[in-house]
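Note sheet for the following structure.
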Amino acid sequence: MNTTPAASGRPSVITEPSLEMTGKDKDINDLREAAPFIPAGTRINVTFLGNEDLGMRIKASTAAKELGYTPVPHISARRISSQAELEEYLTALRDTVGTTHAFAVGGDPSEPMGPYGSSLDMIRTGLLKDYGITDVSIAGYPEGHPDITEAQLWEALEGKAASLKEQGLNGTILTQFGFDVDPVFTWIEEVRRRGIDLPIRIGVPGPAGIKRLLTFASRFGVSTSAGIAKKYGFSITNLLGTAGPDKMINALDAGLTEAHGDVKLHFYTFGGMKTTAEWIQQFKAKH
């Protein structure tokens with residue numbers, strides 16, 4: 001199947017993909033090794049995990065910036081303990097990293113560690129804009145969320161999109177990773193039906209060992225092992241190989257039309273940044 005351009009004549013979803021890293025030194029080293037395979041300007045998301053601190057996040061974001069990429073640091077609303085902590089982080093992103101992008105996400109804690117119960121609460125403060133953030137990514141969940149109802153997810157997405165528009169900020173909807181295109185198409189169509197025209201980046205797992213992919217999938221409640229095997233085209237009886245999202249990308253390219261709007265990919269680099277970047281380059285060369 002020819003994926004560049006897609007069947008409808010639109011560019012392939014793998015055009016200008018974004019990638020994800022943690023704040024750990026090993027990920028910074030991996031990014032440097034991967035640099036020959038990653039085009040300048042690529043969006044590099046930097047996580048906001050509970051076992052990382054501000055210094056690690058700033059170091060990783062700065063490394064991405066210095067390598068010629070666009071750092072998109074995550075800001076986990078429910079992990080922020082105070083307005084002062086948020087402003088300290090935003091100051092460092094502006095003055096040390098020099099980025100105008102951020103990903104505002106709710107975060108994992110069941111109880112907020114500070115004043116922000118959701119990413120919408122944080123966005124509505126206006127602080128991101130005050131500190132020079134002009135492009136805010138927000139989360140989307142094509143396969144739902146185990147702790148949040150469908151109605152709440154849509155209310156939150158509409159609220160965040162509206163708040164960004166009111167503040168004159170650019171936005172992108174970045175989705176949790178999945179293995180199945182069917183709920184993705186249904187979800188994108190509902191996003192557009194609700195009048196949300198923000199660009200969308202569909203999360204896909206980068207190439208990784210099959211056992212590792214299944215482990216991540218079960219951890220996030222994505223799907224059953226058998227279902228993933230079918231969608232990704234590998235045998236559940238042979239877990240020794242490596243799987244990449246070829247089938248999912250081809251299916252997205254075959255089904256997306258102009259009515260779906262701006263849709264690209266975001267790679268969760270479970271198999272490593274360099275492995276993912278090389279795979280993307282090889283996939284583009286083949287197609």
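So you can find residues: chains in the structure tokens are A, B, ... in the order shown, residues in each start at 1, and ligands are numbered from 1 in order.
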
Exercise. Which neighbours of A:Asp135 fall inside 10 Å, counting only C-alpha atoms, when residues of the same chain fewer than 5 positions from it are skipped, and could you give them as a ChimeraX atom specification?
Worked result: /A:72,99-103,128-129,164,168-172

Would you export the selected residues with N, CA, C and O atoms as a PDB file, in the first residue's frame, please?
ATOM      1  N   VAL A  72       8.664  19.421  24.025  1.00  0.00           N
ATOM      2  CA  VAL A  72       7.292  19.568  24.508  1.00  0.00           C
ATOM      3  C   VAL A  72       7.245  18.955  25.908  1.00  0.00           C
ATOM      4  O   VAL A  72       6.879  17.795  26.089  1.00  0.00           O
ATOM      5  N   THR A  99      11.535  27.051  25.433  1.00  0.00           N
ATOM      6  CA  THR A  99      10.479  26.426  24.642  1.00  0.00           C
ATOM      7  C   THR A  99       9.163  27.159  24.820  1.00  0.00           C
ATOM      8  O   THR A  99       8.913  27.758  25.876  1.00  0.00           O
ATOM      9  N   THR A 100       8.332  27.123  23.788  1.00  0.00           N
ATOM     10  CA  THR A 100       7.006  27.725  23.852  1.00  0.00           C
ATOM     11  C   THR A 100       5.919  26.648  23.796  1.00  0.00           C
ATOM     12  O   THR A 100       4.749  26.964  23.634  1.00  0.00           O
ATOM     13  N   HIS A 101       6.333  25.371  23.916  1.00  0.00           N
ATOM     14  CA  HIS A 101       5.407  24.244  23.846  1.00  0.00           C
ATOM     15  C   HIS A 101       5.324  23.534  25.197  1.00  0.00           C
ATOM     16  O   HIS A 101       6.311  23.464  25.934  1.00  0.00           O
ATOM     17  N   ALA A 102       4.159  22.980  25.491  1.00  0.00           N
ATOM     18  CA  ALA A 102       3.998  22.153  26.691  1.00  0.00           C
ATOM     19  C   ALA A 102       2.821  21.217  26.475  1.00  0.00           C
ATOM     20  O   ALA A 102       1.929  21.487  25.659  1.00  0.00           O
ATOM     21  N   PHE A 103       2.831  20.112  27.207  1.00  0.00           N
ATOM     22  CA  PHE A 103       1.713  19.159  27.199  1.00  0.00           C
ATOM     23  C   PHE A 103       1.075  19.190  28.580  1.00  0.00           C
ATOM     24  O   PHE A 103       1.686  18.765  29.560  1.00  0.00           O
ATOM     25  N   LEU A 128       0.154  29.378  31.898  1.00  0.00           N
ATOM     26  CA  LEU A 128       0.970  28.866  30.790  1.00  0.00           C
ATOM     27  C   LEU A 128       1.224  29.985  29.775  1.00  0.00           C
ATOM     28  O   LEU A 128       2.366  30.203  29.344  1.00  0.00           O
ATOM     29  N   LYS A 129       0.166  30.705  29.430  1.00  0.00           N
ATOM     30  CA  LYS A 129       0.308  31.818  28.500  1.00  0.00           C
ATOM     31  C   LYS A 129       1.170  32.931  29.095  1.00  0.00           C
ATOM     32  O   LYS A 129       2.029  33.506  28.402  1.00  0.00           O
ATOM     33  N   LEU A 164      -8.249  27.078  25.407  1.00  0.00           N
ATOM     34  CA  LEU A 164      -7.106  27.429  24.554  1.00  0.00           C
ATOM     35  C   LEU A 164      -7.517  28.479  23.518  1.00  0.00           C
ATOM     36  O   LEU A 164      -6.785  29.446  23.263  1.00  0.00           O
ATOM     37  N   GLY A 168      -6.223  32.424  22.930  1.00  0.00           N
ATOM     38  CA  GLY A 168      -5.446  32.637  21.713  1.00  0.00           C
ATOM     39  C   GLY A 168      -4.242  31.721  21.601  1.00  0.00           C
ATOM     40  O   GLY A 168      -3.246  32.070  20.950  1.00  0.00           O
ATOM     41  N   LEU A 169      -4.333  30.539  22.224  1.00  0.00           N
ATOM     42  CA  LEU A 169      -3.225  29.583  22.205  1.00  0.00           C
ATOM     43  C   LEU A 169      -3.450  28.520  21.131  1.00  0.00           C
ATOM     44  O   LEU A 169      -4.585  28.110  20.875  1.00  0.00           O
ATOM     45  N   ASN A 170      -2.371  28.076  20.502  1.00  0.00           N
ATOM     46  CA  ASN A 170      -2.439  26.939  19.608  1.00  0.00           C
ATOM     47  C   ASN A 170      -2.544  25.667  20.444  1.00  0.00           C
ATOM     48  O   ASN A 170      -2.103  25.633  21.597  1.00  0.00           O
ATOM     49  N   GLY A 171      -3.104  24.624  19.871  1.00  0.00           N
ATOM     50  CA  GLY A 171      -3.238  23.385  20.613  1.00  0.00           C
ATOM     51  C   GLY A 171      -3.094  22.171  19.730  1.00  0.00           C
ATOM     52  O   GLY A 171      -3.203  22.253  18.506  1.00  0.00           O
ATOM     53  N   THR A 172      -2.838  21.036  20.360  1.00  0.00           N
ATOM     54  CA  THR A 172      -2.773  19.737  19.696  1.00  0.00           C
ATOM     55  C   THR A 172      -3.378  18.710  20.644  1.00  0.00           C
ATOM     56  O   THR A 172      -3.120  18.758  21.851  1.00  0.00           O
TER      57      THR A 172
END

Selection: 12 Å around A:Asp262, only C-alpha atoms, excl. self and same-chain fewer than 3 positions, as a JSON list (two decimals) with N, CA, C and O atoms, in the first residue's frame:
[["chain", "number", "residue", "atom", "x", "y", "z"],
["A", 10, "ARG", "N", -4.11, 12.79, 0.82],
["A", 10, "ARG", "CA", -3.55, 13.58, 1.91],
["A", 10, "ARG", "C", -2.20, 12.99, 2.30],
["A", 10, "ARG", "O", -1.92, 11.83, 2.04],
["A", 11, "PRO", "N", -1.34, 13.77, 2.97],
["A", 11, "PRO", "CA", -0.03, 13.23, 3.39],
["A", 11, "PRO", "C", -0.21, 12.07, 4.36],
["A", 11, "PRO", "O", -1.19, 11.99, 5.09],
["A", 12, "SER", "N", 0.75, 11.18, 4.38],
["A", 12, "SER", "CA", 0.71, 10.06, 5.31],
["A", 12, "SER", "C", 0.75, 10.57, 6.74],
["A", 12, "SER", "O", 1.35, 11.60, 7.05],
["A", 13, "VAL", "N", 0.12, 9.80, 7.65],
["A", 13, "VAL", "CA", 0.14, 10.18, 9.06],
["A", 13, "VAL", "C", 1.55, 10.14, 9.63],
["A", 13, "VAL", "O", 1.81, 10.75, 10.67],
["A", 14, "ILE", "N", 2.46, 9.44, 8.98],
["A", 14, "ILE", "CA", 3.83, 9.34, 9.52],
["A", 14, "ILE", "C", 4.68, 10.55, 9.12],
["A", 14, "ILE", "O", 5.84, 10.66, 9.50],
["A", 15, "THR", "N", 4.08, 11.49, 8.38],
["A", 15, "THR", "CA", 4.76, 12.75, 8.09],
["A", 15, "THR", "C", 4.93, 13.53, 9.39],
["A", 15, "THR", "O", 3.98, 13.74, 10.13],
["A", 16, "GLU", "N", 6.16, 13.92, 9.70],
["A", 16, "GLU", "CA", 6.46, 14.74, 10.89],
["A", 16, "GLU", "C", 5.94, 14.12, 12.19],
["A", 16, "GLU", "O", 5.19, 14.77, 12.94],
["A", 171, "GLY", "N", -3.10, 24.62, 19.87],
["A", 171, "GLY", "CA", -3.24, 23.39, 20.61],
["A", 171, "GLY", "C", -3.09, 22.17, 19.73],
["A", 171, "GLY", "O", -3.20, 22.25, 18.51],
["A", 172, "THR", "N", -2.84, 21.04, 20.36],
["A", 172, "THR", "CA", -2.77, 19.74, 19.70],
["A", 172, "THR", "C", -3.38, 18.71, 20.64],
["A", 172, "THR", "O", -3.12, 18.76, 21.85],
["A", 173, "ILE", "N", -4.18, 17.80, 20.11],
["A", 173, "ILE", "CA", -4.70, 16.70, 20.92],
["A", 173, "ILE", "C", -3.77, 15.51, 20.74],
["A", 173, "ILE", "O", -3.55, 15.05, 19.62],
["A", 188, "ILE", "N", -12.04, 10.17, 16.34],
["A", 188, "ILE", "CA", -11.70, 11.37, 15.55],
["A", 188, "ILE", "C", -12.97, 11.99, 14.96],
["A", 188, "ILE", "O", -13.15, 13.21, 14.99],
["A", 191, "VAL", "N", -14.74, 13.86, 17.62],
["A", 191, "VAL", "CA", -14.03, 15.12, 17.91],
["A", 191, "VAL", "C", -14.45, 16.19, 16.91],
["A", 191, "VAL", "O", -14.79, 17.33, 17.28],
["A", 192, "ARG", "N", -14.44, 15.84, 15.63],
["A", 192, "ARG", "CA", -14.79, 16.81, 14.59],
["A", 192, "ARG", "C", -16.29, 17.16, 14.64],
["A", 192, "ARG", "O", -16.67, 18.31, 14.40],
["A", 196, "ILE", "N", -14.46, 20.51, 17.32],
["A", 196, "ILE", "CA", -13.07, 20.69, 17.74],
["A", 196, "ILE", "C", -12.16, 20.45, 16.54],
["A", 196, "ILE", "O", -12.11, 19.34, 16.01],
["A", 197, "ASP", "N", -11.47, 21.49, 16.10],
["A", 197, "ASP", "CA", -10.67, 21.38, 14.87],
["A", 197, "ASP", "C", -9.17, 21.36, 15.12],
["A", 197, "ASP", "O", -8.37, 21.56, 14.21],
["A", 198, "LEU", "N", -8.76, 21.11, 16.36],
["A", 198, "LEU", "CA", -7.33, 21.08, 16.68],
["A", 198, "LEU", "C", -6.64, 19.93, 15.95],
["A", 198, "LEU", "O", -7.24, 18.88, 15.70],
["A", 199, "PRO", "N", -5.35, 20.10, 15.60],
["A", 199, "PRO", "CA", -4.58, 18.97, 15.08],
["A", 199, "PRO", "C", -4.58, 17.82, 16.09],
["A", 199, "PRO", "O", -4.62, 18.05, 17.30],
["A", 200, "ILE", "N", -4.53, 16.60, 15.58],
["A", 200, "ILE", "CA", -4.53, 15.41, 16.42],
["A", 200, "ILE", "C", -3.28, 14.59, 16.15],
["A", 200, "ILE", "O", -2.88, 14.42, 14.99],
["A", 201, "ARG", "N", -2.64, 14.10, 17.21],
["A", 201, "ARG", "CA", -1.53, 13.16, 17.07],
["A", 201, "ARG", "C", -1.96, 11.84, 17.74],
["A", 201, "ARG", "O", -2.20, 11.81, 18.95],
["A", 202, "ILE", "N", -2.06, 10.81, 16.93],
["A", 202, "ILE", "CA", -2.47, 9.50, 17.42],
["A", 202, "ILE", "C", -1.27, 8.78, 18.01],
["A", 202, "ILE", "O", -0.25, 8.60, 17.35],
["A", 256, "LEU", "N", -8.23, 7.58, 6.45],
["A", 256, "LEU", "CA", -8.37, 9.00, 6.76],
["A", 256, "LEU", "C", -8.71, 9.81, 5.51],
["A", 256, "LEU", "O", -8.19, 9.55, 4.42],
["A", 257, "THR", "N", -9.58, 10.79, 5.68],
["A", 257, "THR", "CA", -9.96, 11.68, 4.58],
["A", 257, "THR", "C", -9.74, 13.12, 5.03],
["A", 257, "THR", "O", -9.40, 13.39, 6.19],
["A", 258, "GLU", "N", -9.98, 14.06, 4.14],
["A", 258, "GLU", "CA", -9.83, 15.47, 4.49],
["A", 258, "GLU", "C", -10.76, 15.86, 5.63],
["A", 258, "GLU", "O", -10.45, 16.74, 6.43],
["A", 259, "ALA", "N", -11.90, 15.18, 5.73],
["A", 259, "ALA", "CA", -12.87, 15.50, 6.79],
["A", 259, "ALA", "C", -12.33, 15.20, 8.18],
["A", 259, "ALA", "O", -12.83, 15.75, 9.17],
["A", 265, "LEU", "N", 1.16, 11.30, 13.84],
["A", 265, "LEU", "CA", 1.46, 10.25, 14.82],
["A", 265, "LEU", "C", 2.34, 10.76, 15.94],
["A", 265, "LEU", "O", 3.16, 11.68, 15.75]]

For this session: Considering only C-alpha atoms, return as a PyMOL selection string whatever protein or nucleic-acid residues lie within 7 Å of A:Gly203, sequence-local ones (same chain, fewer than 2 positions apart) excluded.
Result: chain A and resi 174-178+201+205+265-268

Selection file, all heavy atoms, as a short mmCIF file (atom, residue, chain, number, x, y, z; two decimals), in the first residue's frame:
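Writing the result to part15.cif gives the following:
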data_model
loop_
_atom_site.label_atom_id
_atom_site.label_comp_id
_atom_site.auth_asym_id
_atom_site.auth_seq_id
_atom_site.Cartn_x
_atom_site.Cartn_y
_atom_site.Cartn_z
N LEU A 174 -3.21 15.03 21.84
CA LEU A 174 -2.26 13.92 21.82
C LEU A 174 -2.91 12.73 22.53
O LEU A 174 -3.32 12.84 23.68
CB LEU A 174 -0.98 14.34 22.55
CG LEU A 174 0.16 13.34 22.64
CD1 LEU A 174 0.70 13.03 21.26
CD2 LEU A 174 1.27 13.90 23.52
N THR A 175 -3.00 11.59 21.83
CA THR A 175 -3.76 10.49 22.41
C THR A 175 -2.88 9.46 23.10
O THR A 175 -1.70 9.31 22.79
CB THR A 175 -4.60 9.74 21.35
OG1 THR A 175 -3.77 8.85 20.60
CG2 THR A 175 -5.31 10.71 20.41
N GLN A 176 -3.49 8.73 24.03
CA GLN A 176 -2.87 7.56 24.62
C GLN A 176 -2.60 6.56 23.50
O GLN A 176 -3.27 6.59 22.48
CB GLN A 176 -3.81 6.97 25.68
CG GLN A 176 -3.33 5.69 26.34
CD GLN A 176 -1.96 5.86 27.00
OE1 GLN A 176 -0.95 5.76 26.32
NE2 GLN A 176 -1.94 6.09 28.29
N PHE A 177 -1.62 5.69 23.69
CA PHE A 177 -1.33 4.74 22.61
C PHE A 177 -2.38 3.65 22.55
O PHE A 177 -3.03 3.31 23.54
CB PHE A 177 0.07 4.14 22.77
CG PHE A 177 0.19 3.14 23.89
CD1 PHE A 177 -0.06 1.80 23.65
CD2 PHE A 177 0.58 3.52 25.16
CE1 PHE A 177 0.06 0.87 24.67
CE2 PHE A 177 0.70 2.61 26.18
CZ PHE A 177 0.44 1.27 25.94
N GLY A 178 -2.55 3.14 21.34
CA GLY A 178 -3.48 2.03 21.14
C GLY A 178 -2.96 1.13 20.04
O GLY A 178 -1.94 1.41 19.41
N ARG A 201 -2.64 14.10 17.21
CA ARG A 201 -1.53 13.16 17.07
C ARG A 201 -1.96 11.84 17.74
O ARG A 201 -2.20 11.81 18.95
CB ARG A 201 -0.25 13.70 17.71
CG ARG A 201 0.38 14.81 16.88
CD ARG A 201 1.71 15.29 17.42
NE ARG A 201 2.30 16.28 16.54
CZ ARG A 201 3.13 16.01 15.54
NH1 ARG A 201 3.51 14.77 15.33
NH2 ARG A 201 3.61 16.97 14.77
N PRO A 205 2.63 2.70 19.67
CA PRO A 205 3.86 2.18 20.25
C PRO A 205 4.94 2.05 19.19
O PRO A 205 4.69 1.53 18.10
CB PRO A 205 3.45 0.78 20.77
CG PRO A 205 1.95 0.75 20.70
CD PRO A 205 1.58 1.69 19.61
N LEU A 265 1.16 11.30 13.84
CA LEU A 265 1.46 10.25 14.82
C LEU A 265 2.34 10.76 15.94
O LEU A 265 3.16 11.68 15.75
CB LEU A 265 2.18 9.07 14.14
CG LEU A 265 1.41 8.29 13.09
CD1 LEU A 265 2.29 7.16 12.55
CD2 LEU A 265 0.11 7.71 13.64
N HIS A 266 2.18 10.15 17.10
CA HIS A 266 3.09 10.34 18.23
C HIS A 266 3.58 8.97 18.66
O HIS A 266 2.78 8.08 18.97
CB HIS A 266 2.37 11.02 19.40
CG HIS A 266 3.23 11.18 20.62
ND1 HIS A 266 4.26 12.10 20.69
CD2 HIS A 266 3.25 10.50 21.81
CE1 HIS A 266 4.85 12.00 21.87
NE2 HIS A 266 4.26 11.03 22.56
N PHE A 267 4.90 8.78 18.68
CA PHE A 267 5.48 7.48 19.01
C PHE A 267 5.88 7.41 20.48
O PHE A 267 6.67 8.23 20.96
CB PHE A 267 6.71 7.22 18.14
CG PHE A 267 6.39 6.72 16.75
CD1 PHE A 267 6.07 7.62 15.73
CD2 PHE A 267 6.39 5.37 16.46
CE1 PHE A 267 5.76 7.18 14.46
CE2 PHE A 267 6.09 4.91 15.18
CZ PHE A 267 5.77 5.81 14.18
N TYR A 268 5.34 6.41 21.16
CA TYR A 268 5.80 6.06 22.51
C TYR A 268 6.97 5.10 22.33
O TYR A 268 6.81 4.01 21.78
CB TYR A 268 4.66 5.42 23.30
CG TYR A 268 3.56 6.40 23.63
CD1 TYR A 268 2.50 6.61 22.75
CD2 TYR A 268 3.58 7.12 24.82
CE1 TYR A 268 1.49 7.52 23.05
CE2 TYR A 268 2.57 8.03 25.12
CZ TYR A 268 1.53 8.23 24.24
OH TYR A 268 0.53 9.14 24.54
#

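Distances from A:Ala151, A:Ile123, A:Ala64, A:Ile138 to A:Val105 were compared using only C-alpha atoms, and the smallest one belongs to A:Ile138.
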
Exercise. Counting only C-alpha atoms, which of A:His287, A:Arg194, A:His74, A:Lys165 gets nearest to A:Ala139?
Worked result: A:His74

Problem set entry | Spatial neighbours of A:Phe37, max dist 12 Å, only C-alpha atoms, sep filter under 4 positions, as a PyMOL selection string | chain A and resi 30-33+42+67+273-282+284

Exercise. Using only C-alpha atoms, which of A:Thr62, A:Asn29, A:Gln167, A:Thr269 sits nearest A:Asp95?
Worked result: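 Between A:Thr62, A:Asn29, A:Gln167, A:Thr269, the residue approaching A:Asp95 most closely is A:Thr62.
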
For this session: With a distance cut-off of 10 Å and only C-alpha atoms, select the neighbouring residues of stretch 77-82 of chain A, excluding the residue or stretch itself and same-chain residues fewer than 3 positions from it, and output the selection as an NGL selection string.
Result: :A and (48-50 or 74 or 85-89 or 104-123)

Preceding selection exported with N, CA and C atoms as a PDB file, in the first residue's frame:
ATOM      1  N   PHE A  48       6.631  13.734  32.683  1.00  0.00           N
ATOM      2  CA  PHE A  48       6.585  14.314  34.032  1.00  0.00           C
ATOM      3  C   PHE A  48       6.208  13.175  34.972  1.00  0.00           C
ATOM      4  N   LEU A  49       7.178  12.313  35.288  1.00  0.00           N
ATOM      5  CA  LEU A  49       6.927  11.131  36.090  1.00  0.00           C
ATOM      6  C   LEU A  49       7.195  11.398  37.565  1.00  0.00           C
ATOM      7  N   GLY A  50       6.591  10.578  38.418  1.00  0.00           N
ATOM      8  CA  GLY A  50       6.733  10.775  39.853  1.00  0.00           C
ATOM      9  C   GLY A  50       8.137  10.558  40.368  1.00  0.00           C
ATOM     10  N   HIS A  74       6.065  17.816  29.482  1.00  0.00           N
ATOM     11  CA  HIS A  74       4.779  17.518  30.108  1.00  0.00           C
ATOM     12  C   HIS A  74       4.665  18.293  31.424  1.00  0.00           C
ATOM     13  N   GLU A  85       5.213  26.169  42.658  1.00  0.00           N
ATOM     14  CA  GLU A  85       5.960  25.118  41.959  1.00  0.00           C
ATOM     15  C   GLU A  85       5.695  25.182  40.458  1.00  0.00           C
ATOM     16  N   LEU A  86       4.444  25.418  40.079  1.00  0.00           N
ATOM     17  CA  LEU A  86       4.114  25.545  38.659  1.00  0.00           C
ATOM     18  C   LEU A  86       4.860  26.724  38.039  1.00  0.00           C
ATOM     19  N   GLU A  87       4.887  27.846  38.745  1.00  0.00           N
ATOM     20  CA  GLU A  87       5.558  29.024  38.202  1.00  0.00           C
ATOM     21  C   GLU A  87       7.066  28.824  38.131  1.00  0.00           C
ATOM     22  N   GLU A  88       7.630  28.086  39.086  1.00  0.00           N
ATOM     23  CA  GLU A  88       9.068  27.768  39.030  1.00  0.00           C
ATOM     24  C   GLU A  88       9.385  26.940  37.785  1.00  0.00           C
ATOM     25  N   TYR A  89       8.538  25.959  37.505  1.00  0.00           N
ATOM     26  CA  TYR A  89       8.749  25.106  36.336  1.00  0.00           C
ATOM     27  C   TYR A  89       8.592  25.909  35.047  1.00  0.00           C
ATOM     28  N   ALA A 104      -0.130  19.737  28.669  1.00  0.00           N
ATOM     29  CA  ALA A 104      -0.852  19.831  29.938  1.00  0.00           C
ATOM     30  C   ALA A 104      -1.670  18.557  30.118  1.00  0.00           C
ATOM     31  N   VAL A 105      -1.299  17.760  31.108  1.00  0.00           N
ATOM     32  CA  VAL A 105      -1.947  16.473  31.331  1.00  0.00           C
ATOM     33  C   VAL A 105      -2.369  16.369  32.796  1.00  0.00           C
ATOM     34  N   GLY A 106      -3.420  15.604  33.061  1.00  0.00           N
ATOM     35  CA  GLY A 106      -3.915  15.493  34.430  1.00  0.00           C
ATOM     36  C   GLY A 106      -2.922  14.821  35.356  1.00  0.00           C
ATOM     37  N   GLY A 107      -2.442  13.638  34.970  1.00  0.00           N
ATOM     38  CA  GLY A 107      -1.487  12.911  35.799  1.00  0.00           C
ATOM     39  C   GLY A 107      -2.149  11.789  36.583  1.00  0.00           C
ATOM     40  N   ASP A 108      -1.330  10.933  37.163  1.00  0.00           N
ATOM     41  CA  ASP A 108      -1.793   9.677  37.754  1.00  0.00           C
ATOM     42  C   ASP A 108      -2.342   9.738  39.180  1.00  0.00           C
ATOM     43  N   PRO A 109      -1.857  10.633  40.056  1.00  0.00           N
ATOM     44  CA  PRO A 109      -2.295  10.554  41.458  1.00  0.00           C
ATOM     45  C   PRO A 109      -3.818  10.575  41.594  1.00  0.00           C
ATOM     46  N   SER A 110      -4.350   9.682  42.435  1.00  0.00           N
ATOM     47  CA  SER A 110      -5.801   9.645  42.621  1.00  0.00           C
ATOM     48  C   SER A 110      -6.298  10.896  43.330  1.00  0.00           C
ATOM     49  N   GLU A 111      -5.440  11.472  44.168  1.00  0.00           N
ATOM     50  CA  GLU A 111      -5.756  12.743  44.831  1.00  0.00           C
ATOM     51  C   GLU A 111      -4.728  13.785  44.398  1.00  0.00           C
ATOM     52  N   PRO A 112      -5.171  14.983  43.995  1.00  0.00           N
ATOM     53  CA  PRO A 112      -4.215  16.024  43.599  1.00  0.00           C
ATOM     54  C   PRO A 112      -3.246  16.351  44.730  1.00  0.00           C
ATOM     55  N   MET A 113      -1.985  16.582  44.382  1.00  0.00           N
ATOM     56  CA  MET A 113      -0.967  16.928  45.364  1.00  0.00           C
ATOM     57  C   MET A 113      -0.967  18.426  45.669  1.00  0.00           C
ATOM     58  N   GLY A 114      -1.809  19.169  44.951  1.00  0.00           N
ATOM     59  CA  GLY A 114      -1.859  20.621  45.128  1.00  0.00           C
ATOM     60  C   GLY A 114      -3.181  21.177  44.630  1.00  0.00           C
ATOM     61  N   PRO A 115      -3.181  22.395  44.098  1.00  0.00           N
ATOM     62  CA  PRO A 115      -4.426  23.092  43.786  1.00  0.00           C
ATOM     63  C   PRO A 115      -5.099  22.702  42.475  1.00  0.00           C
ATOM     64  N   TYR A 116      -4.427  21.866  41.655  1.00  0.00           N
ATOM     65  CA  TYR A 116      -4.962  21.586  40.321  1.00  0.00           C
ATOM     66  C   TYR A 116      -5.490  20.156  40.229  1.00  0.00           C
ATOM     67  N   GLY A 117      -6.801  20.034  40.163  1.00  0.00           N
ATOM     68  CA  GLY A 117      -7.415  18.716  40.100  1.00  0.00           C
ATOM     69  C   GLY A 117      -7.423  18.124  38.710  1.00  0.00           C
ATOM     70  N   SER A 118      -7.147  18.957  37.706  1.00  0.00           N
ATOM     71  CA  SER A 118      -7.149  18.498  36.316  1.00  0.00           C
ATOM     72  C   SER A 118      -6.301  19.427  35.475  1.00  0.00           C
ATOM     73  N   SER A 119      -5.985  18.985  34.265  1.00  0.00           N
ATOM     74  CA  SER A 119      -5.228  19.855  33.353  1.00  0.00           C
ATOM     75  C   SER A 119      -6.069  21.072  32.971  1.00  0.00           C
ATOM     76  N   LEU A 120      -7.392  20.914  32.919  1.00  0.00           N
ATOM     77  CA  LEU A 120      -8.259  22.052  32.597  1.00  0.00           C
ATOM     78  C   LEU A 120      -8.150  23.126  33.674  1.00  0.00           C
ATOM     79  N   ASP A 121      -8.123  22.710  34.938  1.00  0.00           N
ATOM     80  CA  ASP A 121      -7.938  23.680  36.032  1.00  0.00           C
ATOM     81  C   ASP A 121      -6.653  24.475  35.816  1.00  0.00           C
ATOM     82  N   MET A 122      -5.594  23.771  35.437  1.00  0.00           N
ATOM     83  CA  MET A 122      -4.292  24.420  35.254  1.00  0.00           C
ATOM     84  C   MET A 122      -4.304  25.347  34.046  1.00  0.00           C
ATOM     85  N   ILE A 123      -4.892  24.897  32.944  1.00  0.00           N
ATOM     86  CA  ILE A 123      -4.945  25.723  31.735  1.00  0.00           C
ATOM     87  C   ILE A 123      -5.720  27.007  31.990  1.00  0.00           C
TER      88      ILE A 123
END

Exercise. Mind checking DSSP for stretch 41-234 of chain A and telling me the strand (DSSP E) residues as a ChimeraX atom specification?
Worked result: /A:43-46,70-76,101-105,135-140,170-177,200-205,208-209

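With distances restricted to only C-alpha atoms, A:Glu190 is the closest residue to A:His260 from A:Glu190, A:Asp25, A:Glu150, A:Asp246.
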
Problem set entry | stretch 48-197 of chain A: residues DSSP assigns to alpha helix (DSSP H), reported as a ChimeraX atom specification | /A:54-66,83-92,119-124,127-130,150-167,181-193

Problem set entry | A:Gly98, A:Gly261, A:Gly23, A:Gly41 ranked by distance to A:Ala60, top pick (using only C-alpha atoms) |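 Ranked by minimum distance to A:Ala60, first place goes to A:Gly23.
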